[in-house]
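One structure below.
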Amino acid sequence: MELDSALNLSTINESTSLHEVSNQLCDFLSLDSSDYQKTLIPVVYFLIFILGFLGNMLAVCVLGQKSLRCTVANMYLLNLALSDLVFLIGLPFWAVHYLRNYDWPFGWFMCKFCGFLTSLNTYASIYFIMGMSIDRYRVIVSPLHSHCTESRYYARTVFHARCVCAVIWVLASLTTIPVLVFRETRHYVENNVTACAMNYPTRQWHGMLTLAKSTFGFLIPFIVIATCYGRIRCHLLASPELVEADPSRLERVRRVALAIVTAFFLCWFPFHTLSFMGVLQEFGMNWSCKVQQVMGIMTAPALCLGFANSAINPLLYCFVGNRFRQQLRRLWKAKGQKFGKQRRHSVSMQISSFSRKLSDTKDTVASVTVEDKQ
């Protein structure tokens with residue numbers, strides 16, 4: 001069975017999988033230190049799930065309002081939050097997978113479905129970020145061209161943003177085909193586990209798909225994102241009046257742009273680097289035994305960093321924005337007022353009902369008293 005380097009969740013046992021693809025001279029290595037993956041990694045996954053689910057759900061509730069859906073930037077933000085939410089749904093299942101020593105108790109359908117969700121987010125989330133980067137570049141660096149209405153193909157409109165998002169969803173769905181075809185549950189007697197793993201027909205499939213994911217799921221998007229925000233930063237330095245005369249405002253825009261690129265790089269670079277090193281090993285490069293041991297131990301934490309990007313995205317793209325915070329406060333205040341009105345109305349109805357019952361009781365007592373006197 002091949003180790004799915006793009007989705008390390010498919011492994012039965014990290015040490016076993018690495019020995020299958022490693023140099024036979026390293027068979028004496030003990031990778032027992034990777035046992036922490038069975039305890040620490042599930043905890044990290046559950047934390048990412050809780051924080052990411054709350055953050056992205058709040059972002060969807062705010063951005064899903066009609067008043068905010070009518071902008072191009074928020075259209076990308078909304079789809080990004082939805083993409084991260086879709087991925088986070090399957091994360092607790094993978095946490096249990098690690099917790100049970102790589103045993104998959106959820107059946108064949110959930111194996112493919114959770115793999116589908118993870119693969120879908122691998123591309124969709126990154127390409128929504130890239131779409132936002134290109135859109136912000138057009139707005140700041142080429143504002144006249146982006147708002148030109150003479151060309152229906154180059155104008156920046158909500159309709160075009162929806163079309164781009166739809167194309168991204170379709171392309172991301174197509175990338176999940178290998179997962180739907182090759183991911184399956186298999187029982188391994190020697191490990192006494194039923195694994196949810198990628199079972200490629202040949203080792204070459206694993207290498208080619210890993211290279212494709214590293215290239216189209218990280219390298220190209222990162223180059224585009226870094227280029228866009230690099231150009232934006234240079235443009236703002238040359239024309240600071242574009243973001244008001246307040247120097248603190250300019251500095252905040254620069255820091256946000258830098259944080260976006262840095263977070264994307266730090267979250268995904270370690271994992272894709274380890275995946276690429278694993279592919280080189282399969283193609284004949286002999287890493288030292290120590291390097292192979294480090295690769296086996298660090299792959300799971302590197303994957304956690306990549307998954308953490310889904311929890312970081314709401315902070316970078318939503319909560320640092322003044323407009324988003326204002327809309328969030330407005331929504332919170334509106335919900336609070338609505339709840340207060342409903343509560344006051346309920347209390348008023350209860351008081352009114354109690355008053356009517358009290359009045360009826362008084363009338364009944366008075367009637368009985370009159371009858372007694374008669």
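Just so we're on the same page: first chain in the structure tokens is A, next is B, and so on; residues restart at 1 for each chain, and ligands are numbered from 1 in the order they show up.
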
- Task: Can you pull out every residue within 10 Å of Val96 of chain A, counting only C-alpha atoms, but drop anything in the same chain fewer than 5 positions away, and send it as an NGL selection string?
- Result: :A and (38 or 41-43 or 45-46 or 91 or 101-106)

- Message: Going by DSSP on the backbone, which residues of segment 92-273 of chain A come out as strand (DSSP E or B)? List them as a list in words.
- Response: Arg183, Glu184, Thr185, Arg186, His187, Tyr188, Val193, Thr194, Ala195, Cys196, Ala197 and Met198 of chain A

Take the residues just selected and output them with N, CA and C atoms as a tab-separated table (two decimals), in the first residue's frame.
chain	number	residue	atom	x	y	z
A	183	ARG	N	-9.09	5.59	-2.82
A	183	ARG	CA	-9.21	5.46	-1.36
A	183	ARG	C	-10.21	4.37	-1.01
A	184	GLU	N	-9.83	3.50	-0.10
A	184	GLU	CA	-10.70	2.39	0.28
A	184	GLU	C	-10.33	1.88	1.67
A	185	THR	N	-11.20	1.09	2.22
A	185	THR	CA	-10.94	0.46	3.51
A	185	THR	C	-10.42	-0.96	3.28
A	186	ARG	N	-9.36	-1.31	3.98
A	186	ARG	CA	-8.77	-2.64	3.87
A	186	ARG	C	-8.34	-3.10	5.24
A	187	HIS	N	-8.58	-4.38	5.50
A	187	HIS	CA	-8.19	-4.93	6.80
A	187	HIS	C	-6.80	-5.54	6.70
A	188	TYR	N	-5.96	-5.19	7.66
A	188	TYR	CA	-4.59	-5.70	7.70
A	188	TYR	C	-4.43	-6.55	8.95
A	193	VAL	N	-5.87	-3.86	12.09
A	193	VAL	CA	-6.62	-2.62	11.87
A	193	VAL	C	-7.31	-2.68	10.52
A	194	THR	N	-8.40	-1.93	10.40
A	194	THR	CA	-9.05	-1.70	9.12
A	194	THR	C	-8.75	-0.27	8.72
A	195	ALA	N	-7.89	-0.10	7.73
A	195	ALA	CA	-7.36	1.22	7.39
A	195	ALA	C	-8.18	1.88	6.29
A	196	CYS	N	-8.29	3.19	6.39
A	196	CYS	CA	-8.83	4.02	5.29
A	196	CYS	C	-7.63	4.63	4.59
A	197	ALA	N	-7.26	4.06	3.46
A	197	ALA	CA	-5.99	4.43	2.85
A	197	ALA	C	-6.11	4.51	1.34
A	198	MET	N	-5.14	5.21	0.73
A	198	MET	CA	-5.03	5.27	-0.72
A	198	MET	C	-4.30	4.02	-1.19

- Task: Would you please work out which residue, of A:Gln292, A:Tyr76, A:Phe49, A:Leu274, is nearest to Val158 of chain A when using only C-alpha atoms?
- Result: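 Residue with the minimum atom-to-atom distance to Val158 of chain A: A:Tyr76.
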
- Which of segment 116-245 of chain A fall in helix (DSSP H, G or I), as a ChimeraX atom specification: /A:116-141,143-146,158-174,177-182,203-238,240-243

- Message: Let me make sure I understand: among A:Ile50, A:Val141, A:Leu85, A:Thr262, which one has the smallest atom-to-atom distance to Ala238 of chain A if we use only C-alpha atoms?
- Response: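 The answer is A:Val141, which sits nearest to Ala238 of chain A.
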
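Minimum distance to Thr39 of chain A across A:Ile140, A:Leu258, A:Ala95, A:Leu174 (counting only C-alpha atoms) occurs at A:Ala95.
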